[in-house]
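Below: the structure, in structure tokens.
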Amino acid sequence: MEATVCPLCAADEAEPLFVGRDVLFDFPGEFPVMRCRRCGLTYNNPRVPPDEIHRFYGADYHAHDAMSPTSRRCGTAETAVPQVDRRRRGGRAAWDRVERFGGARLLDVGCGGGSYLARMQGRGWDVLGVDPMPRAVESCRASGVPAMLGTVPGVDLGGRRFELFTLRASLANLPAPRATLAALREYAAPGAVLIASAFNSDGWLARRCGPLWPGWDLPRQYCHYAPHTMRRLLETTGWRVERLEFRRRPNLARRAARLMAEATGRRMWRLAASRRWLTSLMSTCCAGMQRADEICAVARAAAERAPVRTANV
Ligand SMILES: [Zn+2]
């Protein structure tokens with residue numbers, strides 16, 4: 001384990017919140033979570049060093065499973081900059097509502113098995129994935145999706161520029177989020193869009209369940225974002241937040257209810273754990289109150305680049 005300062009504001013004044021465990025894979029260990037007194041970011045401290053975190057990914061880690069690509073018709077570049085449809089029909093995430101933009105370039109950070117990139121490739125995007133897990137990169141390449149092994153900053157992207165960047169649930173897994181987002185800003189074409197999501201540490205379930213909320217995903221997630229810390233992270237690294245969306249995650253709510261039922265035996269959690277409609281309703285209500293389990297930010301490259309203060313934050 002290594003000690004760290006706040007990955008968002010570099011302060012070293014944090015208050016302990018709780019000591020959690022791995023509720024997803026049951027890897028042994030105790031993982032302290034703290035909250036920065038200066039900026040309010042919740043983060044692991046001490047934490048697993050980034051070059052050892054691969055030991056905490058189980059063989060069945062969901063994001064790295066290969067999925068068959070679906071083919072879609074190709075689009076053509078019709079607008080100068082990408083636009084994200086504001087209408088959220090069918091619960092589709094923002095990264096699946098980017099208007100068709102054939103030939104434009106998309107970089108997916110933490111690309112996992114590549115099913116999303118295969119889908120975007122089918123829509124005419126020129127795609128590239130980056131992931132630190134060899135298994136994920138192999139899976140992408142096997143399905144015809146170009147991918148690089150490594151992290152940003154770190155991988156050599158040459159002089160390439162991108163119109164769209166996506167960090168689908170990978171924001172929280174970045175050990176140095178400021179450095180990553182500032183580096184992405186350097187690779188941004190004019191008017192580029194960045195879409196990033198993370199579980200909401202200020203959500204209703206996170207508050208109710210405490211250490212047992214599965215959204216902490218300890219120790220794999222280094223930082224745990226609330227709406228204000230996610231906004232601050234983006235706006236201090238060269239991105240202008242256009243909006244935050246709140247996504248319902250009924251499966252996460254179900255897992256939370258099961259863990260709470262086991263730990264407390266309380267009737268409310270037992271009921272929620274055994275009735276899908278109840279956790280689904282719970283998720284919908286939380287999203288309506290902006291207390292959902294997941295936050296998704298849609299941001300655009302700001303005209304001014306932001307300086308990065310130190311190498312590791
Ligand atoms: Zn801080």
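Chain lettering (A, B, ...) mirrors the order of the structure tokens, residue numbering begins at 1 for each chain separately, and ligand numbering begins at 1 in order of display.
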- Throw together the list of residues within 9 Å of ligand 1, counting only C-alpha atoms and all ligand atoms, and drop it here as a PyMOL selection string. chain A and resi 5-14+35-42+229
- Find the residues around Asp108 (chain A) up to 7 Å (only C-alpha atoms counted), leave out those fewer than 2 positions away in its own chain, and share them as a PyMOL selection string. chain A and resi 106+110-111+128-130+165-167
May I have the selected residues written with C-alpha atoms, as a short mmCIF file (atom, residue, chain, number, x, y, z; two decimals), in the first residue's frame?
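Result file follows (result-v5.cif):
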data_model
loop_
_atom_site.label_atom_id
_atom_site.label_comp_id
_atom_site.auth_asym_id
_atom_site.auth_seq_id
_atom_site.Cartn_x
_atom_site.Cartn_y
_atom_site.Cartn_z
CA LEU A 106 -12.74 8.43 -30.91
CA GLY A 110 -10.23 2.04 -20.15
CA CYS A 111 -11.78 0.39 -23.19
CA LEU A 128 -8.82 3.57 -30.69
CA GLY A 129 -8.91 2.00 -27.23
CA VAL A 130 -6.38 2.24 -24.40
CA PHE A 165 -13.03 10.91 -25.70
CA THR A 166 -14.92 8.43 -23.56
CA LEU A 167 -14.17 7.20 -20.03
#
- Query: Suppose you want the space between CA of Glu186 (chain A) and CA of Glu163 (chain A); what is it in Å?
  - Reply: 11.8 Å
- Find the spatial neighbours of Leu278 (chain A), counting only C-alpha atoms, within a cut-off of 12 Å - ignore same-chain residues fewer than 6 positions away - and output them as a list in words.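 Selected residues are Pro250, Asn251, Ala253, Arg254, Ala257, Met268, Trp269, Arg270, Leu271, Ala272, Thr284 and Cys285 of chain A.
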- Skipping near chain neighbours, those fewer than 3 positions away, what residues fall within 10 Å of region 19-22 of chain A using only C-alpha atoms, listed as an NGL selection string? :A and (16 or 25-34 or 44-45 or 56 or 210-214 or 216-220)
Store the residues picked out above, limited to N, CA and C atoms, as a PDB file, in the first residue's frame.
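Now in out.pdb:
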ATOM      1  N   PRO A  16     -10.671  10.363   7.919  1.00  0.00           N
ATOM      2  CA  PRO A  16     -11.043   8.980   7.607  1.00  0.00           C
ATOM      3  C   PRO A  16     -12.562   8.847   7.528  1.00  0.00           C
ATOM      4  N   PHE A  25     -15.181  -9.206  -5.473  1.00  0.00           N
ATOM      5  CA  PHE A  25     -14.434 -10.459  -5.673  1.00  0.00           C
ATOM      6  C   PHE A  25     -13.969 -11.089  -4.370  1.00  0.00           C
ATOM      7  N   ASP A  26     -14.153 -10.385  -3.251  1.00  0.00           N
ATOM      8  CA  ASP A  26     -13.722 -10.915  -1.951  1.00  0.00           C
ATOM      9  C   ASP A  26     -12.214 -11.099  -1.844  1.00  0.00           C
ATOM     10  N   PHE A  27     -11.442 -10.296  -2.574  1.00  0.00           N
ATOM     11  CA  PHE A  27      -9.993 -10.343  -2.357  1.00  0.00           C
ATOM     12  C   PHE A  27      -9.731  -9.888  -0.924  1.00  0.00           C
ATOM     13  N   PRO A  28      -8.784 -10.550  -0.236  1.00  0.00           N
ATOM     14  CA  PRO A  28      -8.543 -10.162   1.158  1.00  0.00           C
ATOM     15  C   PRO A  28      -7.911  -8.773   1.244  1.00  0.00           C
ATOM     16  N   GLY A  29      -8.147  -8.100   2.355  1.00  0.00           N
ATOM     17  CA  GLY A  29      -7.531  -6.790   2.576  1.00  0.00           C
ATOM     18  C   GLY A  29      -8.524  -5.803   3.153  1.00  0.00           C
ATOM     19  N   GLU A  30      -7.955  -4.783   3.788  1.00  0.00           N
ATOM     20  CA  GLU A  30      -8.774  -3.704   4.334  1.00  0.00           C
ATOM     21  C   GLU A  30      -8.339  -2.421   3.658  1.00  0.00           C
ATOM     22  N   PHE A  31      -9.310  -1.658   3.174  1.00  0.00           N
ATOM     23  CA  PHE A  31      -8.987  -0.517   2.321  1.00  0.00           C
ATOM     24  C   PHE A  31      -9.600   0.767   2.894  1.00  0.00           C
ATOM     25  N   PRO A  32      -8.731   1.628   3.474  1.00  0.00           N
ATOM     26  CA  PRO A  32      -9.238   2.860   4.086  1.00  0.00           C
ATOM     27  C   PRO A  32      -9.653   3.892   3.036  1.00  0.00           C
ATOM     28  N   VAL A  33     -10.806   4.512   3.276  1.00  0.00           N
ATOM     29  CA  VAL A  33     -11.325   5.557   2.388  1.00  0.00           C
ATOM     30  C   VAL A  33     -11.381   6.858   3.190  1.00  0.00           C
ATOM     31  N   MET A  34     -10.896   7.939   2.565  1.00  0.00           N
ATOM     32  CA  MET A  34     -10.857   9.232   3.266  1.00  0.00           C
ATOM     33  C   MET A  34     -11.545  10.311   2.442  1.00  0.00           C
ATOM     34  N   ASN A  44      -9.074   6.627  -1.801  1.00  0.00           N
ATOM     35  CA  ASN A  44      -8.434   5.581  -1.011  1.00  0.00           C
ATOM     36  C   ASN A  44      -7.066   6.079  -0.537  1.00  0.00           C
ATOM     37  N   ASN A  45      -6.791   5.903   0.752  1.00  0.00           N
ATOM     38  CA  ASN A  45      -5.499   6.304   1.287  1.00  0.00           C
ATOM     39  C   ASN A  45      -5.249   5.613   2.620  1.00  0.00           C
ATOM     40  N   PHE A  56      -5.994  -7.366  -8.396  1.00  0.00           N
ATOM     41  CA  PHE A  56      -7.329  -7.294  -7.795  1.00  0.00           C
ATOM     42  C   PHE A  56      -8.455  -7.356  -8.821  1.00  0.00           C
ATOM     43  N   GLY A 210     -23.219   2.881   3.230  1.00  0.00           N
ATOM     44  CA  GLY A 210     -21.865   3.073   3.764  1.00  0.00           C
ATOM     45  C   GLY A 210     -20.870   2.140   3.098  1.00  0.00           C
ATOM     46  N   PRO A 211     -19.996   1.494   3.901  1.00  0.00           N
ATOM     47  CA  PRO A 211     -18.924   0.670   3.332  1.00  0.00           C
ATOM     48  C   PRO A 211     -19.435  -0.480   2.463  1.00  0.00           C
ATOM     49  N   LEU A 212     -20.703  -0.877   2.630  1.00  0.00           N
ATOM     50  CA  LEU A 212     -21.202  -2.030   1.866  1.00  0.00           C
ATOM     51  C   LEU A 212     -21.737  -1.650   0.482  1.00  0.00           C
ATOM     52  N   TRP A 213     -21.777  -0.373   0.166  1.00  0.00           N
ATOM     53  CA  TRP A 213     -22.241   0.041  -1.168  1.00  0.00           C
ATOM     54  C   TRP A 213     -21.260  -0.492  -2.224  1.00  0.00           C
ATOM     55  N   PRO A 214     -21.717  -1.291  -3.183  1.00  0.00           N
ATOM     56  CA  PRO A 214     -20.784  -1.895  -4.142  1.00  0.00           C
ATOM     57  C   PRO A 214     -20.135  -0.876  -5.077  1.00  0.00           C
ATOM     58  N   TRP A 216     -18.313   1.545  -4.396  1.00  0.00           N
ATOM     59  CA  TRP A 216     -16.938   1.937  -4.029  1.00  0.00           C
ATOM     60  C   TRP A 216     -15.940   1.112  -4.826  1.00  0.00           C
ATOM     61  N   ASP A 217     -16.351  -0.116  -5.152  1.00  0.00           N
ATOM     62  CA  ASP A 217     -15.517  -1.056  -5.909  1.00  0.00           C
ATOM     63  C   ASP A 217     -14.063  -1.058  -5.416  1.00  0.00           C
ATOM     64  N   LEU A 218     -13.911  -1.264  -4.111  1.00  0.00           N
ATOM     65  CA  LEU A 218     -12.571  -1.270  -3.505  1.00  0.00           C
ATOM     66  C   LEU A 218     -11.856  -2.589  -3.791  1.00  0.00           C
ATOM     67  N   PRO A 219     -10.554  -2.559  -4.003  1.00  0.00           N
ATOM     68  CA  PRO A 219      -9.675  -1.375  -4.033  1.00  0.00           C
ATOM     69  C   PRO A 219      -9.412  -0.864  -5.452  1.00  0.00           C
ATOM     70  N   ARG A 220     -10.222  -1.340  -6.423  1.00  0.00           N
ATOM     71  CA  ARG A 220      -9.933  -1.012  -7.833  1.00  0.00           C
ATOM     72  C   ARG A 220     -10.155   0.459  -8.146  1.00  0.00           C
TER      73      ARG A 220
END
- Task: Name the closest residue to Pro49 (chain A) among the candidates A:Ala297, A:Leu205, A:Leu24, A:Ala176; distances are taken between atoms, counting only C-alpha atoms.
- Result: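 Ranking A:Ala297, A:Leu205, A:Leu24, A:Ala176 by distance to Pro49 (chain A), first place goes to A:Ala176.
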- Query: For Trp125 (chain A), which of A:Arg86, A:Arg105, A:Arg276, A:Arg185 is the closest residue, counting only C-alpha atoms?
  - Reply: A:Arg105
- Query: Quick one, how far is CA of Glu245 (chain A) from CA of Val193 (chain A)?
  - Reply: 14.9 Å
- Tell me which protein, DNA and RNA residues are within 10 Å of Glu235 (chain A), counting only C-alpha atoms, leaving out same-chain ones fewer than 2 positions away, and put them as a count of residues only. 16
- Residues at most 9 Å from Pro146 (chain A), counting only C-alpha atoms, excluding those fewer than 3 positions away in the same chain, as a list in words? Gly114, Leu117, Val127, Leu128, Gly129, Val130, Val137, Cys140, Arg141 and Ser143 of chain A
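CA of Thr151 (chain A) is found 7.9 Å from CA of Val109 (chain A).
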- Considering only C-alpha atoms, return as a list of chain:residue names whatever protein or nucleic-acid residues lie within 7 Å of Arg248 (chain A), sequence-local ones (same chain, fewer than 6 positions apart) excluded.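 Skipping anything fewer than 6 positions along the chain leaves A:Ser283, A:Thr284, A:Ala287, A:Ala292, A:Asp293, A:Glu294.
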- Task: Find, counting only C-alpha atoms, the residue in A:Val98, A:Ala196, A:Val145, A:Ala188 that gets nearest to Gln83 (chain A).
- Result: A:Val98
